[in-house]
Each structure stands twice: as C-alpha cells, then as structure tokens.
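One structure is given below, encoded as structure tokens.
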Amino acid sequence: MSDRKATLRRLGPVLLAVLLDLLGFGIVIPLLPYYAESYGATEQQAMALMGIYSVAQLVFAPVWGALSDRIGRRPVMLVSIAATATFLTAFAAAPSLLWLFVFRALHGAAAANISTAQAYVADVTTPEDRAMGMGLIGASFGVGFTLGPLVGGLLAQYGLAVPFFLAAGLSAANFLWAVFGLPESRPVGEAGSARREIDPRRVLSALTHPVVGAALLLTFAATFAFSMMEVAFGLVAEHIWFPDLTREDVAMEVGKMFGLIGVLGIVIQGGLMRRLSKRFGEPPLVVAGYAFQVLGLLGLAFAQGGWETWVVCALLAIGSSLANPALQALISKGVDADSQGSVLGVNQSLSALARATAPWVALFAYGVLRSAPFLAAAGVMFLALLLALPATRRAAAR
C-alpha cells in the first residue's frame with residue numbers, strides 16, 4: 001500500500017495538469033458547432049473546424065513527445081499549457097470565421113501534449129503500476145468529459161463565447177499550477193541524453209514493432225470508431241432523439257449523456273483498473289473493452305432516445321474505460337524508457353489522424369442514413385476486436 005501511495009504522490013502533479021487541460025477541452029465540445037454557426041459557418045464548415053484541431057494534433061503530438069525526450073517533460077508541458085490558454089482566449093474573441101480556423105488549429109497544436117503526460121506517467125511508475133497510471137490519465141479525461149460539457153451548456157445562456165473564456169481561464173490556472181507544482185520526471189542530466197528527431201523511419205519502426213505496432217493500429221481503429229460516434233451523436237440527438245427541443249436543451253441532454261460516460265470512466269479507470277489488470281492482465285481487458293464497444297455502437301444505431309440510449313452509453317463507457325488504459329500500458333511496456341515520449345507521440349498522432357478523418361466519414365455516412373455512422377463505427381470496432389485477439393496473445397507471450 002505504501003508503494004501505491006508513493007506512486008500516487010508522484011503522479012499527482014501531472015494528473016492535475018491533465019485534469020485542468022481536459023476540463024477546459026470538455027467545456028467547448030457541445031458548443032463548437034453552434035459557435036461556428038454564429039459566425040455564419042455551414043454544417044460542413046463546422047465539421048471542418050472540428051477536424052482541423054485534430055489535424056494540428058496529428059502534426060504536433062510527435063513533436064512534443066520527442067522534444068520531451070530531449071529536454072524533459074516539464075518545459076514541454078509549461079510551453080504547451082501556456083499556448084493553450086493564449087489560443088483559447090484568441091478563439092473566444094476571434095473577429096471572423098477565418099480566424100476561428102486559425103486559432104482552432106493553433107489550439108490543437110498546443111493541446112497535443114497528452115503524449116508528454118503519458119510519458120511522464122511512464123517515467124514515474126513501475127511496469128506493474130503502469131496500467132493504473134494510464135488509467136488515472138483516462139480518469140482525468142473522464143472528469144473533463146463529465147463536468148466540461150455540462151458546464152459549457154449551462155454557461156451558453158450567457159453567450160456562446162463565455163464558456164471559451166472560462167476554458168482559457170482554466171488553462172491559465174493550469175499554467176500557474178504547473179510552474180509551481182509540476183516537477184521534472186526524469187533524472188537530472190538524462191532528459192537531454194538521447195537524440196530524438198522526427199523521422200518517418202521512426203514511425204515505420206514503431207508500426208512494425210512486433211507488439212507496439214499492432215497496438216498502434218488498434219489505437220487508430222478504436223479512436224476512429226469512437227470519433228465517428230462523437231460527431232454523429234449531436235446530430236442524431238437533435239433530429240431523432242430530441243427533435244422538439246431547442247439546440248441549447250439538446251446540448252444539455254448530450255452533456256448529461258457524456259457525463260454518464262465520464263462518471264463510469266472515473267470509477268473504472270481511477271478505482272478498478274489496477275485490480276483488474278493485476279487479476280486478468282492487460283490483453284484480456286483490451287479484448288473485453290472492444291466487445292463492449294461493439295455492442296454499444298450497435299445499440300446507438302437503433303436507440304430512440306429513451307432509457308436504451310443511456311444503457312448503450314454505459315456500454316461504451318465501460319468498453320473504452322477497460323480497453324484504452326490497458327492498451328496504453330501495453331504500448332508503454334513494449335518500448336525502452338528513452339523511447340517513451342516518441343513512441344507515445346506516434347500513438348497520439350494516429351489518434352489525431354483518426355479524429356481528423358472520422359468527422360468527414362461520419363458526415364458523409366449521416367447524409368446517406370442517420371444511423372449509418374454508428375453502424376460504420378461498430379464495423380470498424382469489430383475489426384479492431386478481431387485484430388486484438390492475435391495482438392494481445394503475442395503481447396501476453398512476451
């Protein structure tokens with residue numbers, strides 16, 4: 001127990017930094033399309049505004065990860081958090097739709113620091129506690145998605161820009177916290193000991209790694225499926241589940257549903273993940289998590305907005321909460337300490353690529369059939385489940 005408490009003390013500073021970062025991110029999720037429309041954006045432009053954020057993350061996640069291997073985790077976190085506060089403020093006060101795109105892209109580049117946070121966790125945890133640490137990162141996501149959308153929806157009645165200013169304020173508070181409370185996680189002199197260049201061959205090497213390569217592909221597939229669901233969720237809620245409500249009220253209902261996903265994520269990833277990983281190991285948790293998500297996505301395709309919608313949201317929450325931290329732990333264990341930042345950066349880049357492309361696929365599918373994005377996402381997740389079976393068997397044999 002004392003070892004676990006010591007681990008939690010070491011993780012505390014970075015977990016709080018991630019929590020504040022994701023809380024600010026969660027606040028803007030249900031409001032972004034409506035905020036874009038207030039600038040005259042079409043539906044397609046609003047979706048592009050969502051996609052450009054992840055395109056920027058695609059480019060900058062490996063940059064932050066590799067840079068943190070070279071100069072340390074702390075300076076990278078400080079710079080990226082300060083930039084997040086700056087560009088969120090600029091986004092809230094943007095003079096035109098064009099500047100919305102510019103500041104949204106810059107915000108995405110600044111916020112691509114999750115790979116550095118994951119590398120920080122890997123620095124301060126043992127292999128046995130790695131899944132717990134990644135689970136706590138996931139729990140921070142859960143808190144952000146639990147409180148953020150609901151807070152954003154409540155504040156929207158005072159002006160659509162108000163929640164964005166609040167998110168910027170949280171990032172500013174996060175920067176102050178990191179300045180005084182976030183220590184460097186790597187030994188003195190080690191942070192700059194290894195040369196880390198952004199090289200396509202490094203990406204290819206990670207993708208062809210006997211364990212990590214398959215895990216990276218799983219990350220892409222699962223993130224792609226979940227992102228399709230996220231994009232279609234609001235549209236389906238507005239036109240199928242709650243057609244008689246105003247947009248503000250629909251946003252509130254969507255916030256509540258994402259809140260359920262977040263609460264379950266906190267319980268599973270923050271409280272149960274360590275025990276589950278010790279009892280079953282990470283590979284079975286990945287497989288079980290993907291199976292739950294397949295069922296949840298299929299359920300959304302046929303839900304009508306009643307109690308069944310809440311049930312399938314719970315299935316999605318359980319599945320992602322089991323699979324994501326277990327998969328991140330497998331990736332972290334499969335590489336050496338000096339490569340943690342760069343490999344996790346590649347991993348985050350693939351997540352960003354999935355988030356950047358999924359909105360367009362979901363929007364096209366939605367134009368064909370409103371439930372099609374959920375059905376397509378279930379198909380992608382089923383393929384990930386099939387890939388997870390041999391991939392996790394190989395990982396378990398190491």
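Following the order of the structure tokens, first chain is A, next is B, and so on, with residues numbered from 1 inside each chain and ligands from 1 in the order they appear.
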
Find the residues near Met257 of chain A: any atom within 12 Å, counting only C-alpha atoms, skip ones fewer than 3 places away on the same chain, and give them as a PyMOL selection string. chain A and resi 30+145-147+149-150+230+233-234+237+250-254+260-264+305-314+316-317

So which residues touch Ser54 of chain A within 6 Å, counting only C-alpha atoms, skipping near sequence neighbours fewer than 3 positions away, as a ChimeraX atom specification? /A:51,57-58,352,355-356

With N, CA and C atoms retained, export the selected residues as a CSV table (one decimal), in the first residue's frame.
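In the end it all went to part_17.csv:
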```csv
chain,number,residue,atom,x,y,z
A,51,GLY,N,-12.4,19.1,-37.3
A,51,GLY,CA,-11.4,18.3,-37.8
A,51,GLY,C,-10.0,18.9,-37.8
A,57,GLN,N,-3.1,18.4,-34.1
A,57,GLN,CA,-2.6,17.4,-33.1
A,57,GLN,C,-1.8,16.3,-33.8
A,58,LEU,N,-2.2,15.9,-35.0
A,58,LEU,CA,-1.5,14.9,-35.7
A,58,LEU,C,-0.1,15.3,-36.0
A,352,ALA,N,-4.9,11.3,-33.4
A,352,ALA,CA,-5.2,12.6,-34.0
A,352,ALA,C,-5.7,12.4,-35.5
A,355,ARG,N,-9.1,11.2,-35.4
A,355,ARG,CA,-10.1,12.2,-35.1
A,355,ARG,C,-10.2,13.2,-36.2
A,356,ALA,N,-9.2,13.4,-37.0
A,356,ALA,CA,-9.2,14.4,-38.1
A,356,ALA,C,-10.0,13.8,-39.3
```

Find the residues around Leu363 of chain A up to 12 Å (only C-alpha atoms counted), leave out those fewer than 2 positions away in its own chain, and share them as a VMD selection string. chain A and resid 43 to 48 50 to 51 227 to 236 357 to 361 365 to 374 376

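Using only C-alpha atoms for every distance, the candidate list A:Asn174, A:Gln304, A:Thr116, A:Ser349 yields A:Thr116 as the residue closest to Ala66 of chain A.
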
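For the atom pair formed by atom CA of Leu67 of chain A and atom CA of Pro127 of chain A, the distance is 23.3 Å, given to one decimal.
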
Contact residues around Arg274 of chain A with only C-alpha atoms at 12 Å, ignoring same-chain residues under 2 positions, as a compact mmCIF listing (two decimals) with C-alpha atoms, in the first residue's frame:
```txt
# COMPACT_ATOMS: atom_id res chain seq x y z
CA ARG A 4 0.98 2.64 -4.25
CA PRO A 127 5.67 -1.78 -15.09
CA GLU A 128 3.27 -3.29 -12.55
CA ASP A 129 1.64 0.08 -11.87
CA ARG A 130 1.73 1.30 -15.48
CA ALA A 131 -1.89 0.35 -16.19
CA MET A 132 -3.02 2.15 -13.03
CA GLY A 133 -1.15 5.30 -14.08
CA MET A 134 -2.59 5.24 -17.59
CA GLY A 135 -5.98 4.56 -16.05
CA LEU A 136 -5.70 7.68 -13.91
CA VAL A 267 -14.97 4.70 -11.44
CA ILE A 268 -13.37 2.10 -13.69
CA GLN A 269 -10.12 3.78 -14.67
CA GLY A 270 -9.49 5.59 -11.42
CA GLY A 271 -10.65 2.94 -8.98
CA LEU A 272 -10.80 -0.52 -10.53
CA LEU A 276 -8.46 -5.66 -12.91
CA SER A 277 -5.08 -5.50 -14.63
CA LYS A 278 -3.43 -7.47 -11.83
CA ARG A 279 -6.11 -10.13 -11.88
CA PHE A 280 -6.66 -10.54 -15.62
CA GLY A 281 -3.71 -8.76 -17.28
CA GLU A 282 -3.97 -6.02 -19.91
CA LEU A 285 -9.11 -6.14 -20.82
CA LEU A 322 -11.28 -1.02 -19.91
CA PRO A 325 -5.57 2.33 -20.39
CA ALA A 326 -4.78 -1.37 -20.85
CA ALA A 329 0.12 0.17 -20.75
```
